[in-house]
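Text of query_35.pdb (PDB, C-alpha atoms) as supplied:
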ATOM      1  CA  MET N   1     -16.625 -31.443 -13.298
ATOM      2  CA  PHE N   2     -18.734 -29.186 -11.084
ATOM      3  CA  ARG N   3     -18.275 -25.549 -12.023
ATOM      4  CA  GLY N   4     -18.719 -24.445  -8.419
ATOM      5  CA  LEU N   5     -15.535 -26.292  -7.521
ATOM      6  CA  TYR N   6     -13.523 -23.696  -9.457
ATOM      7  CA  THR N   7     -15.463 -20.841  -7.868
ATOM      8  CA  ALA N   8     -14.836 -22.122  -4.340
ATOM      9  CA  THR N   9     -11.165 -22.731  -5.105
ATOM     10  CA  SER N  10     -10.706 -19.192  -6.403
ATOM     11  CA  GLY N  11     -12.390 -17.923  -3.236
ATOM     12  CA  MET N  12      -9.901 -19.847  -1.080
ATOM     13  CA  MET N  13      -6.965 -18.463  -3.066
ATOM     14  CA  ALA N  14      -8.294 -14.896  -2.814
ATOM     15  CA  ASN N  15      -8.801 -15.201   0.943
ATOM     16  CA  ASN N  16      -5.352 -16.713   1.335
ATOM     17  CA  ARG N  17      -3.750 -13.793  -0.505
ATOM     18  CA  ASN N  18      -5.799 -11.306   1.508
ATOM     19  CA  GLN N  19      -4.643 -13.013   4.702
ATOM     20  CA  GLN N  20      -1.018 -12.614   3.611
ATOM     21  CA  ILE N  21      -1.544  -8.869   3.083
ATOM     22  CA  LEU N  22      -3.198  -8.505   6.499
ATOM     23  CA  THR N  23      -0.413 -10.509   8.153
ATOM     24  CA  ASN N  24       2.200  -8.228   6.585
ATOM     25  CA  ASN N  25       0.301  -5.190   7.884
ATOM     26  CA  LEU N  26       0.178  -6.682  11.360
ATOM     27  CA  SER N  27       3.881  -7.547  11.392
ATOM     28  CA  ASN N  28       4.746  -3.926  10.464
ATOM     29  CA  ALA N  29       2.423  -2.294  12.973
ATOM     30  CA  ASN N  30       5.453  -0.933  14.868
ATOM     31  CA  THR N  31       7.448   0.100  11.770
ATOM     32  CA  PRO N  32       7.717   3.931  11.606
ATOM     33  CA  GLY N  33       6.066   5.405   8.524
ATOM     34  CA  PHE N  34       4.644   2.073   7.344
ATOM     35  CA  LYS N  35       1.481   2.348   5.249
ATOM     36  CA  GLU N  36      -0.955  -0.531   5.421
ATOM     37  CA  ASP N  37      -2.020  -2.322   2.245
ATOM     38  CA  LYS N  38      -5.650  -2.822   1.372
ATOM     39  CA  ALA N  39      -6.518  -5.843  -0.759
ATOM     40  CA  VAL N  40      -8.475  -5.255  -3.967
ATOM     41  CA  LEU N  41     -10.769  -8.160  -4.871
ATOM     42  CA  ARG N  42     -12.090  -8.542  -8.399
ATOM     43  CA  ALA N  43     -14.455 -11.037  -9.967
ATOM     44  CA  PHE N  44     -13.518 -13.075 -12.985
ATOM     45  CA  PRO N  45     -15.553 -12.166 -16.091
ATOM     46  CA  ASP N  46     -19.163 -13.341 -15.793
ATOM     47  CA  GLN N  47     -20.487 -15.831 -18.301
ATOM     48  CA  LEU N  48     -23.850 -15.257 -19.922
ATOM     49  CA  ILE N  49     -26.103 -18.327 -19.866
ATOM     50  CA  VAL N  50     -28.325 -18.625 -22.901
ATOM     51  CA  ALA N  51     -31.030 -21.218 -23.494
ATOM     52  CA  ILE N  52     -31.634 -22.326 -27.093
ATOM     53  CA  GLU N  53     -35.258 -22.978 -27.942
ATOM     54  CA  ASN N  54     -36.969 -24.080 -31.124
ATOM     55  CA  GLY N  55     -39.207 -21.392 -32.510
ATOM     56  CA  LYS N  56     -41.746 -21.448 -35.286
ATOM     57  CA  LYS N  57     -40.767 -23.167 -38.512
ATOM     58  CA  GLY N  58     -37.678 -24.680 -36.896
ATOM     59  CA  THR N  59     -35.973 -21.384 -36.143
ATOM     60  CA  ILE N  60     -33.612 -21.198 -33.189
ATOM     61  CA  VAL N  61     -34.588 -18.636 -30.574
ATOM     62  CA  PRO N  62     -31.947 -17.804 -27.926
ATOM     63  CA  GLN N  63     -33.234 -16.772 -24.526
ATOM     64  CA  ASN N  64     -30.989 -15.112 -21.962
ATOM     65  CA  ILE N  65     -31.248 -16.767 -18.551
ATOM     66  CA  GLY N  66     -28.705 -14.654 -16.705
ATOM     67  CA  SER N  67     -25.044 -14.363 -15.856
ATOM     68  CA  LEU N  68     -22.871 -16.823 -13.940
ATOM     69  CA  THR N  69     -19.979 -15.627 -11.787
ATOM     70  CA  THR N  70     -16.923 -17.792 -12.292
ATOM     71  CA  GLY N  71     -14.873 -16.768  -9.269
ATOM     72  CA  VAL N  72     -12.890 -14.028  -7.547
ATOM     73  CA  TYR N  73      -9.234 -13.133  -7.184
ATOM     74  CA  THR N  74      -7.108 -10.703  -5.197
ATOM     75  CA  GLN N  75      -5.739  -8.343  -7.800
ATOM     76  CA  GLU N  76      -3.292  -6.347  -5.674
ATOM     77  CA  GLY N  77      -2.637  -4.642  -2.379
ATOM     78  CA  ILE N  78      -2.880  -0.840  -2.555
ATOM     79  CA  PRO N  79      -1.142   1.180   0.184
ATOM     80  CA  SER N  80      -3.289   3.542   2.230
ATOM     81  CA  PHE N  81      -1.472   6.850   2.727
ATOM     82  CA  LEU N  82      -3.562   8.116   5.615
ATOM     83  CA  GLN N  83      -1.248   9.718   8.143
ATOM     84  CA  GLY N  84      -0.374   7.612  11.163
ATOM     85  CA  PRO N  85      -0.218   8.981  14.716
ATOM     86  CA  LEU N  86       2.908  10.874  15.815
ATOM     87  CA  ARG N  87       5.104   9.677  18.661
ATOM     88  CA  GLU N  88       7.532  11.954  20.420
ATOM     89  CA  THR N  89      11.050  10.533  20.760
ATOM     90  CA  GLY N  90      13.134  13.600  21.563
ATOM     91  CA  ASN N  91      15.813  12.431  19.110
ATOM     92  CA  SER N  92      17.133  15.172  16.838
ATOM     93  CA  THR N  93      17.457  12.679  13.970
ATOM     94  CA  ASP N  94      13.753  11.733  14.072
ATOM     95  CA  MET N  95      11.429  13.727  11.809
ATOM     96  CA  ALA N  96       7.758  13.434  10.909
ATOM     97  CA  LEU N  97       6.001  14.839   7.855
ATOM     98  CA  LEU N  98       2.628  16.408   8.597
ATOM     99  CA  ASP N  99       0.387  15.424   5.689
ATOM    100  CA  GLU N 100      -2.631  16.560   7.693
ATOM    101  CA  LEU N 101      -1.546  20.190   7.188
ATOM    102  CA  LEU N 102      -1.721  19.904   3.410
ATOM    103  CA  PRO N 103      -4.574  21.767   1.709
ATOM    104  CA  LEU N 104      -7.282  19.672   0.109
ATOM    105  CA  ASN N 105      -7.056  19.265  -3.657
ATOM    106  CA  THR N 106     -10.540  20.201  -4.884
ATOM    107  CA  ASP N 107     -10.100  18.132  -8.059
ATOM    108  CA  THR N 108      -9.132  14.839  -6.423
ATOM    109  CA  GLN N 109     -10.643  15.524  -2.974
ATOM    110  CA  GLN N 110      -7.352  14.274  -1.509
ATOM    111  CA  LYS N 111      -4.490  15.892   0.366
ATOM    112  CA  GLY N 112      -1.806  13.830  -1.303
ATOM    113  CA  SER N 113       1.323  12.841   0.558
ATOM    114  CA  MET N 114       4.806  14.158   1.321
ATOM    115  CA  VAL N 115       7.924  11.978   1.237
ATOM    116  CA  PHE N 116      11.629  12.111   1.994
ATOM    117  CA  ALA N 117      14.122  11.242  -0.756
ATOM    118  CA  VAL N 118      16.971   8.748  -0.353
ATOM    119  CA  THR N 119      19.523   6.965  -2.522
ATOM    120  CA  ALA N 120      18.850   3.226  -2.817
ATOM    121  CA  GLU N 121      21.466   0.474  -3.139
ATOM    122  CA  ASN N 122      21.294   0.649  -6.938
ATOM    123  CA  GLY N 123      22.096   4.370  -6.831
ATOM    124  CA  GLU N 124      18.613   5.432  -7.919
ATOM    125  CA  MET N 125      16.408   7.902  -6.100
ATOM    126  CA  ARG N 126      13.726   6.403  -3.890
ATOM    127  CA  TYR N 127      11.202   7.796  -1.427
ATOM    128  CA  THR N 128      10.258   6.972   2.149
ATOM    129  CA  LYS N 129       7.780   8.008   4.831
ATOM    130  CA  ASN N 130      10.035   6.697   7.604
ATOM    131  CA  GLY N 131      11.698   9.695   9.250
ATOM    132  CA  SER N 132      13.616   7.650  11.824
ATOM    133  CA  PHE N 133      17.084   8.710  10.655
ATOM    134  CA  ALA N 134      20.606   8.306  12.009
ATOM    135  CA  VAL N 135      24.079   9.801  11.472
ATOM    136  CA  ASN N 136      26.718   7.370  10.158
ATOM    137  CA  THR N 137      30.423   7.337  10.983
ATOM    138  CA  GLU N 138      31.146   9.728   8.112
ATOM    139  CA  GLY N 139      28.676  12.290   9.422
ATOM    140  CA  PHE N 140      26.012  11.725   6.747
ATOM    141  CA  LEU N 141      22.304  11.565   7.537
ATOM    142  CA  THR N 142      20.941   8.112   6.680
ATOM    143  CA  THR N 143      17.844   5.980   7.129
ATOM    144  CA  SER N 144      17.798   3.209   9.727
ATOM    145  CA  ASP N 145      18.838   0.847   6.896
ATOM    146  CA  GLY N 146      21.817   3.004   5.933
ATOM    147  CA  PHE N 147      20.435   4.694   2.811
ATOM    148  CA  PRO N 148      21.704   8.300   2.416
ATOM    149  CA  VAL N 149      19.044  10.972   2.915
ATOM    150  CA  LEU N 150      19.047  13.528   0.098
ATOM    151  CA  GLY N 151      19.064  17.295   0.343
ATOM    152  CA  GLU N 152      17.630  20.023  -1.849
ATOM    153  CA  ASN N 153      20.329  19.432  -4.484
ATOM    154  CA  GLN N 154      19.556  15.685  -4.422
ATOM    155  CA  GLN N 155      22.926  14.915  -2.831
ATOM    156  CA  PRO N 156      23.566  13.146   0.508
ATOM    157  CA  ILE N 157      23.336  15.474   3.505
ATOM    158  CA  GLN N 158      26.371  15.772   5.765
ATOM    159  CA  VAL N 159      25.527  17.019   9.257
ATOM    160  CA  GLY N 160      28.674  15.961  11.133
ATOM    161  CA  SER N 161      26.838  14.863  14.253
ATOM    162  CA  ALA N 162      23.357  14.432  15.657
ATOM    163  CA  ASP N 163      23.584  17.851  17.286
ATOM    164  CA  PHE N 164      21.529  19.788  14.750
ATOM    165  CA  THR N 165      18.090  21.289  14.433
ATOM    166  CA  VAL N 166      15.585  21.249  11.590
ATOM    167  CA  GLN N 167      13.330  24.166  10.831
ATOM    168  CA  ASP N 168       9.693  23.702   9.875
ATOM    169  CA  ASN N 169      10.522  23.915   6.158
ATOM    170  CA  GLY N 170      13.268  21.261   6.295
ATOM    171  CA  GLN N 171      16.243  23.636   6.599
ATOM    172  CA  LEU N 172      19.053  22.176   8.730
ATOM    173  CA  ILE N 173      20.948  24.283  11.274
ATOM    174  CA  LEU N 174      24.233  22.605  12.255
ATOM    175  CA  ALA N 175      25.848  22.459  15.693
ATOM    176  CA  ASP N 176      28.060  25.506  15.040
ATOM    177  CA  GLY N 177      25.018  27.599  14.103
ATOM    178  CA  THR N 178      25.731  27.580  10.375
ATOM    179  CA  GLN N 179      23.050  26.798   7.844
ATOM    180  CA  GLY N 180      23.376  23.336   6.332
ATOM    181  CA  ASP N 181      21.522  21.726   3.470
ATOM    182  CA  ARG N 182      17.767  21.588   3.213
ATOM    183  CA  LEU N 183      15.974  18.262   3.230
ATOM    184  CA  TRP N 184      14.510  17.177  -0.100
ATOM    185  CA  ILE N 185      10.834  16.821   0.738
ATOM    186  CA  GLY N 186       8.544  16.061  -2.158
ATOM    187  CA  HIS N 187       4.790  16.102  -2.592
ATOM    188  CA  THR N 188       2.433  14.241  -4.904
ATOM    189  CA  ASP N 189      -1.341  14.340  -5.269
ATOM    190  CA  ASN N 190      -1.462  10.678  -6.259
ATOM    191  CA  PRO N 191       0.531   8.558  -3.782
ATOM    192  CA  GLN N 192      -1.266   5.420  -5.019
ATOM    193  CA  GLN N 193       1.314   5.372  -7.834
ATOM    194  CA  PHE N 194       3.999   4.369  -5.326
ATOM    195  CA  VAL N 195       5.154   0.743  -5.198
ATOM    196  CA  LYS N 196       6.747  -0.682  -2.075
ATOM    197  CA  GLU N 197      10.228  -2.098  -2.544
ATOM    198  CA  GLY N 198      10.967  -3.255   1.003
ATOM    199  CA  GLN N 199      13.058  -1.563   3.718
ATOM    200  CA  ASN N 200      10.368   1.135   3.801
ATOM    201  CA  LEU N 201      11.336   2.420   0.341
ATOM    202  CA  LEU N 202       8.836   3.564  -2.282
ATOM    203  CA  ARG N 203       9.330   3.605  -6.045
ATOM    204  CA  TRP N 204       7.325   5.902  -8.292
ATOM    205  CA  THR N 205       5.559   4.104 -11.158
ATOM    206  CA  GLY N 206       3.231   6.827 -12.429
ATOM    207  CA  ASP N 207       3.719   9.497 -15.058
ATOM    208  CA  ALA N 208       6.876  11.533 -14.719
ATOM    209  CA  GLU N 209       4.824  14.753 -14.749
ATOM    210  CA  ALA N 210       2.921  13.622 -11.638
ATOM    211  CA  ALA N 211       5.998  12.387  -9.744
ATOM    212  CA  PRO N 212       6.760  13.925  -6.327
ATOM    213  CA  GLN N 213       8.060  17.445  -6.731
ATOM    214  CA  PHE N 214      10.318  19.343  -4.341
ATOM    215  CA  ILE N 215       8.060  21.267  -2.005
ATOM    216  CA  ASP N 216       9.153  24.699  -3.324
ATOM    217  CA  ASN N 217       7.995  23.725  -6.806
ATOM    218  CA  VAL N 218       4.420  23.071  -5.733
ATOM    219  CA  ALA N 219       2.629  26.383  -6.185
ATOM    220  CA  ARG N 220      -0.373  25.595  -4.012
ATOM    221  CA  LEU N 221       1.938  24.680  -1.110
ATOM    222  CA  ALA N 222       3.905  27.934  -1.304
ATOM    223  CA  GLY N 223       2.305  29.239   1.865
ATOM    224  CA  THR N 224       2.724  26.016   3.810
ATOM    225  CA  ASN N 225       5.803  26.149   6.043
ATOM    226  CA  SER N 226       5.064  23.949   9.057
ATOM    227  CA  PHE N 227       5.057  20.537   7.403
ATOM    228  CA  LEU N 228       7.816  18.886   9.452
ATOM    229  CA  LYS N 229       8.252  18.130  13.149
ATOM    230  CA  GLN N 230      11.657  17.273  14.625
ATOM    231  CA  GLY N 231      11.885  14.867  17.544
ATOM    232  CA  PHE N 232       8.804  12.965  16.403
ATOM    233  CA  ILE N 233       8.248   9.943  14.174
ATOM    234  CA  GLU N 234       5.120   9.010  12.268
ATOM    235  CA  GLN N 235       3.968   5.611  13.413
ATOM    236  CA  SER N 236       2.338   2.985  11.236
ATOM    237  CA  ASN N 237      -1.246   3.698  10.216
ATOM    238  CA  VAL N 238      -2.222   0.063  10.842
ATOM    239  CA  ASP N 239      -5.332  -0.236  13.030
ATOM    240  CA  LEU N 240      -4.591  -3.338  15.114
ATOM    241  CA  THR N 241      -8.200  -3.953  16.158
ATOM    242  CA  LYS N 242      -9.553  -3.665  12.609
ATOM    243  CA  THR N 243      -6.712  -5.764  11.185
ATOM    244  CA  MET N 244      -7.345  -8.594  13.649
ATOM    245  CA  THR N 245     -11.078  -8.465  12.879
ATOM    246  CA  ASP N 246     -10.382  -8.557   9.126
ATOM    247  CA  MET N 247      -8.062 -11.531   9.603
ATOM    248  CA  MET N 248     -10.814 -13.456  11.420
ATOM    249  CA  THR N 249     -13.316 -12.570   8.694
ATOM    250  CA  THR N 250     -10.898 -13.682   5.996
ATOM    251  CA  TYR N 251     -10.245 -16.946   7.815
ATOM    252  CA  ARG N 252     -13.988 -17.619   8.028
ATOM    253  CA  GLY N 253     -14.317 -16.936   4.313
ATOM    254  CA  PHE N 254     -11.489 -19.363   3.571
ATOM    255  CA  GLU N 255     -13.112 -21.974   5.828
ATOM    256  CA  SER N 256     -16.521 -21.554   4.133
ATOM    257  CA  ASN N 257     -15.071 -22.112   0.670
ATOM    258  CA  GLN N 258     -13.186 -25.117   2.018
ATOM    259  CA  LYS N 259     -16.451 -26.672   3.217
ATOM    260  CA  VAL N 260     -18.001 -26.076  -0.223
ATOM    261  CA  ILE N 261     -15.136 -27.988  -1.836
ATOM    262  CA  GLN N 262     -15.585 -30.811   0.679
ATOM    263  CA  ALA N 263     -19.289 -30.979  -0.211
ATOM    264  CA  TYR N 264     -18.454 -31.193  -3.922
ATOM    265  CA  ASP N 265     -15.891 -33.887  -3.140
ATOM    266  CA  ARG N 266     -18.533 -35.982  -1.388
ATOM    267  CA  SER N 267     -20.929 -35.460  -4.302
ATOM    268  CA  MET N 268     -18.322 -36.640  -6.804
ATOM    269  CA  GLU N 269     -17.543 -39.636  -4.601
ATOM    270  CA  LYS N 270     -21.193 -40.661  -4.667
ATOM    271  CA  ALA N 271     -21.399 -40.081  -8.410
ATOM    272  CA  VAL N 272     -18.470 -42.424  -9.008
ATOM    273  CA  ASN N 273     -19.111 -45.128  -6.416
ATOM    274  CA  GLU N 274     -22.908 -45.276  -6.344
ATOM    275  CA  ILE N 275     -24.437 -43.804  -9.481
ATOM    276  CA  GLY N 276     -21.681 -45.199 -11.679
ATOM    277  CA  ARG N 277     -22.315 -48.674 -10.334
ATOM    278  CA  ILE N 278     -25.945 -48.487 -11.407
TER     279      ILE N 278
END

Could you render the structure as C-alpha cells?
Amino acid sequence: MFRGLYTATSGMMANNRNQQILTNNLSNANTPGFKEDKAVLRAFPDQLIVAIENGKKGTIVPQNIGSLTTGVYTQEGIPSFLQGPLRETGNSTDMALLDELLPLNTDTQQKGSMVFAVTAENGEMRYTKNGSFAVNTEGFLTTSDGFPVLGENQQPIQVGSADFTVQDNGQLILADGTQGDRLWIGHTDNPQQFVKEGQNLLRWTGDAEAAPQFIDNVARLAGTNSFLKQGFIEQSNVDLTKTMTDMMTTYRGFESNQKVIQAYDRSMEKAVNEIGRI
C-alpha cells in the first residue's frame, strides 16, 4: 500500500472538518454575540527514516535519512473572542459588553472577555456573550432562548416589564424609579477555556481559580465603570469576506488531496493489471 494514500486521505478529512467549522461560522454570521471558531491543524507524529548499512567487520551502521510526515488532522475549533461590531437597536432589553474598554493584561498581552451569566436547562450556571434579552410573562429577564439572566446574587432578575434602564456598571433602574438588581457580569483573562454548548451558551472548562469572576471582584477593573451599553447588541465577529475566501481555499485543498488519491488509484490499477500480469 502506498503510504501517501494515507497522507492524502488525512488531508481530505482535515479539510472537510475545517469546512464544517467555516460553514458553522458563516451560518451564525447574524447571531448576536457569536464568536467564530478557528480550526487548529496538527500533523501526525513524524517518522524517522533510517538506512541500515554494513560497516567494517560486518557491523551495522544506521544512517539517518530524514523524517517523513504521515498526515494532518483538525484537532479542534477554538473560539476567537475578539469583540464584534455594535449595532444600535433602541430596545431597552438589548445590552452589549464593551470588551474593548478593558485594560490590557501585561502578562498575557490580552484584554480577556466579559460575559453575562444565565441558568441553563439543567439548572447550572452558564455564560453568554449574547445580550439580546427579553422579558417573559412572569416579568423575568431572559435570553432569546428563555434562559433566566442572573443578577449579582446569582438569582434570576425580575424587572416586571421592559420599561427599565441599565447603568454603565450593570445596575438596573426599574420603571417606578426604584433600584433593582445588578446584572452578574463576569470577567476572565483566558476566554479560550470556554466551550460552546449551543444556544449561544458557554461552559467554563478551565481551573476554578481562573473562572469568570463578578466584575467587582476583579481588582484591576475596579476603576472601569463604562463596560455596558444599553440599546445595543454585539454582532457576530465573523468576517464574511475572509470566511468565504477560507472556504474556497479549504475546498481547493480538499480537491488537491482528492486528485492525489486518484493518481494513487491509477498507479495501483496498473500495478495489478499490467505489472502483475508480467

Fill in the blank from the handout: If you count all atoms listed in the file, the residue of N:Gln192, N:Gln235, N:Gln155, N:Asn28 closest to Gly123 (chain N) turns out to be N:Gln155

Exercise for the section: Do a neighbour search on Gly84 (chain N) at 6 Å with only C-alpha atoms, toss out local chain neighbours closer than 6 positions, and write the hits as a PyMOL selection string. Expected result: chain N and resi 234-237

Evaluate the PyMOL selection byres ((chain N and resi 128) around 12) on the structure here and hand back the selected residues as a PDB file with C-alpha atoms, in the coordinates of the input.
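selection07.pdb, freshly written:
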ATOM      1  CA  PRO N  32       7.717   3.931  11.606  1.00  0.00           C
ATOM      2  CA  GLY N  33       6.066   5.405   8.524  1.00  0.00           C
ATOM      3  CA  PHE N  34       4.644   2.073   7.344  1.00  0.00           C
ATOM      4  CA  LYS N  35       1.481   2.348   5.249  1.00  0.00           C
ATOM      5  CA  PHE N  81      -1.472   6.850   2.727  1.00  0.00           C
ATOM      6  CA  MET N  95      11.429  13.727  11.809  1.00  0.00           C
ATOM      7  CA  ALA N  96       7.758  13.434  10.909  1.00  0.00           C
ATOM      8  CA  LEU N  97       6.001  14.839   7.855  1.00  0.00           C
ATOM      9  CA  SER N 113       1.323  12.841   0.558  1.00  0.00           C
ATOM     10  CA  MET N 114       4.806  14.158   1.321  1.00  0.00           C
ATOM     11  CA  VAL N 115       7.924  11.978   1.237  1.00  0.00           C
ATOM     12  CA  PHE N 116      11.629  12.111   1.994  1.00  0.00           C
ATOM     13  CA  ALA N 117      14.122  11.242  -0.756  1.00  0.00           C
ATOM     14  CA  VAL N 118      16.971   8.748  -0.353  1.00  0.00           C
ATOM     15  CA  THR N 119      19.523   6.965  -2.522  1.00  0.00           C
ATOM     16  CA  ALA N 120      18.850   3.226  -2.817  1.00  0.00           C
ATOM     17  CA  MET N 125      16.408   7.902  -6.100  1.00  0.00           C
ATOM     18  CA  ARG N 126      13.726   6.403  -3.890  1.00  0.00           C
ATOM     19  CA  TYR N 127      11.202   7.796  -1.427  1.00  0.00           C
ATOM     20  CA  LYS N 129       7.780   8.008   4.831  1.00  0.00           C
ATOM     21  CA  ASN N 130      10.035   6.697   7.604  1.00  0.00           C
ATOM     22  CA  GLY N 131      11.698   9.695   9.250  1.00  0.00           C
ATOM     23  CA  SER N 132      13.616   7.650  11.824  1.00  0.00           C
ATOM     24  CA  PHE N 133      17.084   8.710  10.655  1.00  0.00           C
ATOM     25  CA  THR N 142      20.941   8.112   6.680  1.00  0.00           C
ATOM     26  CA  THR N 143      17.844   5.980   7.129  1.00  0.00           C
ATOM     27  CA  SER N 144      17.798   3.209   9.727  1.00  0.00           C
ATOM     28  CA  ASP N 145      18.838   0.847   6.896  1.00  0.00           C
ATOM     29  CA  PHE N 147      20.435   4.694   2.811  1.00  0.00           C
ATOM     30  CA  PRO N 148      21.704   8.300   2.416  1.00  0.00           C
ATOM     31  CA  VAL N 149      19.044  10.972   2.915  1.00  0.00           C
ATOM     32  CA  LEU N 150      19.047  13.528   0.098  1.00  0.00           C
ATOM     33  CA  TRP N 184      14.510  17.177  -0.100  1.00  0.00           C
ATOM     34  CA  ILE N 185      10.834  16.821   0.738  1.00  0.00           C
ATOM     35  CA  GLY N 186       8.544  16.061  -2.158  1.00  0.00           C
ATOM     36  CA  HIS N 187       4.790  16.102  -2.592  1.00  0.00           C
ATOM     37  CA  PRO N 191       0.531   8.558  -3.782  1.00  0.00           C
ATOM     38  CA  PHE N 194       3.999   4.369  -5.326  1.00  0.00           C
ATOM     39  CA  VAL N 195       5.154   0.743  -5.198  1.00  0.00           C
ATOM     40  CA  LYS N 196       6.747  -0.682  -2.075  1.00  0.00           C
ATOM     41  CA  GLU N 197      10.228  -2.098  -2.544  1.00  0.00           C
ATOM     42  CA  GLY N 198      10.967  -3.255   1.003  1.00  0.00           C
ATOM     43  CA  GLN N 199      13.058  -1.563   3.718  1.00  0.00           C
ATOM     44  CA  ASN N 200      10.368   1.135   3.801  1.00  0.00           C
ATOM     45  CA  LEU N 201      11.336   2.420   0.341  1.00  0.00           C
ATOM     46  CA  LEU N 202       8.836   3.564  -2.282  1.00  0.00           C
ATOM     47  CA  ARG N 203       9.330   3.605  -6.045  1.00  0.00           C
ATOM     48  CA  TRP N 204       7.325   5.902  -8.292  1.00  0.00           C
ATOM     49  CA  PRO N 212       6.760  13.925  -6.327  1.00  0.00           C
ATOM     50  CA  GLU N 234       5.120   9.010  12.268  1.00  0.00           C
TER      51      GLU N 234
END

Exercise for the section: Identify, on the basis of only C-alpha atoms, every residue whose closest approach to region 251-262 of chain N does not exceed 12 Å; exclude the query and any residue fewer than 5 positions from it along the same chain; express the result as an NGL selection string. Expected result: :N and (2-20 or 22-23 or 71-72 or 244-246 or 267-269)

Exercise for the section: Kindly give the distance, in Å, that separates CA of Gly139 (chain N) and CA of Asp168 (chain N), rounded to a single decimal. Expected result: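 Atom-to-atom, CA of Gly139 (chain N) to CA of Asp168 (chain N), that is 22.2 Å.
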
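Nearest residue to Gly90 (chain N), choosing from N:Ile215, N:Arg266, N:Asp37, N:Thr165 and counting all atoms listed in the file: N:Thr165.
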
Exercise for the section: Tell me which of N:Val272, N:Leu240, N:Gly160, N:Lys229 sits closest to Leu101 (chain N), counting all atoms listed in the file. Expected result: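 So, comparing all the options, the nearest one is N:Lys229.
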
Handout entry: Interatomic distance, CA of Tyr73 (chain N) to CA of Gln193 (chain N) (Å, one decimal)
Key =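 CA of Tyr73 (chain N) sits 21.3 Å away from CA of Gln193 (chain N).
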
Exercise for the section: Using all atoms listed in the file, pick whichever of N:Ser27, N:Gln171, N:Ser161, N:Asn64 has the shortest atom-to-atom distance to Gln230 (chain N). Expected result: N:Gln171

Exercise for the section: Show which residues sit within 12 Å of Gly177 (chain N), as an MDAnalysis selection string. Count all atoms listed in the file, and ignore same-chain residues fewer than 5 positions away. Expected result: chainID N and resid 159 163:166 172

Exercise for the section: Provide the CA of Ile78 (chain N) to CA of Leu26 (chain N) distance in Å, to one decimal place. Expected result: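 CA of Leu26 (chain N) lies 15.4 Å from CA of Ile78 (chain N).
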
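Nearest-residue note for Asn30 (chain N): choosing from N:Glu124, N:Ile157, N:Ser80, N:Ile233, the minimum distance belongs to N:Ile233, counting all atoms listed in the file.
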
Repaired coordinates for region 91-102 of chain N (N, CA, C and O atoms) as a PDB file, keeping the file's coordinate frame:
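Below is the file selection27.pdb, written as the result:
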ATOM      1  N   ASN N  91      14.574  12.584  19.870  1.00  0.00           N
ATOM      2  CA  ASN N  91      15.813  12.431  19.110  1.00  0.00           C
ATOM      3  C   ASN N  91      15.871  13.471  17.998  1.00  0.00           C
ATOM      4  O   ASN N  91      14.902  13.640  17.244  1.00  0.00           O
ATOM      5  N   SER N  92      17.010  14.138  17.873  1.00  0.00           N
ATOM      6  CA  SER N  92      17.133  15.172  16.838  1.00  0.00           C
ATOM      7  C   SER N  92      17.096  14.591  15.440  1.00  0.00           C
ATOM      8  O   SER N  92      16.760  15.289  14.477  1.00  0.00           O
ATOM      9  N   THR N  93      17.424  13.306  15.301  1.00  0.00           N
ATOM     10  CA  THR N  93      17.457  12.679  13.970  1.00  0.00           C
ATOM     11  C   THR N  93      16.096  12.136  13.547  1.00  0.00           C
ATOM     12  O   THR N  93      15.963  11.611  12.442  1.00  0.00           O
ATOM     13  N   ASP N  94      15.098  12.204  14.407  1.00  0.00           N
ATOM     14  CA  ASP N  94      13.753  11.733  14.072  1.00  0.00           C
ATOM     15  C   ASP N  94      12.919  12.895  13.559  1.00  0.00           C
ATOM     16  O   ASP N  94      12.885  13.963  14.175  1.00  0.00           O
ATOM     17  N   MET N  95      12.239  12.671  12.426  1.00  0.00           N
ATOM     18  CA  MET N  95      11.429  13.727  11.809  1.00  0.00           C
ATOM     19  C   MET N  95      10.134  13.128  11.258  1.00  0.00           C
ATOM     20  O   MET N  95      10.122  12.022  10.735  1.00  0.00           O
ATOM     21  N   ALA N  96       9.067  13.879  11.393  1.00  0.00           N
ATOM     22  CA  ALA N  96       7.758  13.434  10.909  1.00  0.00           C
ATOM     23  C   ALA N  96       7.193  14.465   9.947  1.00  0.00           C
ATOM     24  O   ALA N  96       7.258  15.666  10.208  1.00  0.00           O
ATOM     25  N   LEU N  97       6.652  13.970   8.834  1.00  0.00           N
ATOM     26  CA  LEU N  97       6.001  14.839   7.855  1.00  0.00           C
ATOM     27  C   LEU N  97       4.521  14.937   8.187  1.00  0.00           C
ATOM     28  O   LEU N  97       3.860  13.929   8.443  1.00  0.00           O
ATOM     29  N   LEU N  98       4.002  16.157   8.176  1.00  0.00           N
ATOM     30  CA  LEU N  98       2.628  16.408   8.597  1.00  0.00           C
ATOM     31  C   LEU N  98       1.711  16.544   7.389  1.00  0.00           C
ATOM     32  O   LEU N  98       1.384  17.651   6.953  1.00  0.00           O
ATOM     33  N   ASP N  99       1.293  15.406   6.841  1.00  0.00           N
ATOM     34  CA  ASP N  99       0.387  15.424   5.689  1.00  0.00           C
ATOM     35  C   ASP N  99      -0.950  16.072   6.027  1.00  0.00           C
ATOM     36  O   ASP N  99      -1.629  16.606   5.144  1.00  0.00           O
ATOM     37  N   GLU N 100      -1.327  16.019   7.305  1.00  0.00           N
ATOM     38  CA  GLU N 100      -2.631  16.560   7.693  1.00  0.00           C
ATOM     39  C   GLU N 100      -2.713  18.069   7.513  1.00  0.00           C
ATOM     40  O   GLU N 100      -3.806  18.637   7.460  1.00  0.00           O
ATOM     41  N   LEU N 101      -1.550  18.738   7.382  1.00  0.00           N
ATOM     42  CA  LEU N 101      -1.546  20.190   7.188  1.00  0.00           C
ATOM     43  C   LEU N 101      -1.664  20.583   5.719  1.00  0.00           C
ATOM     44  O   LEU N 101      -1.792  21.763   5.398  1.00  0.00           O
ATOM     45  N   LEU N 102      -1.620  19.598   4.834  1.00  0.00           N
ATOM     46  CA  LEU N 102      -1.721  19.904   3.410  1.00  0.00           C
ATOM     47  C   LEU N 102      -3.126  20.381   3.058  1.00  0.00           C
ATOM     48  O   LEU N 102      -4.111  19.879   3.598  1.00  0.00           O
TER      49      LEU N 102
END
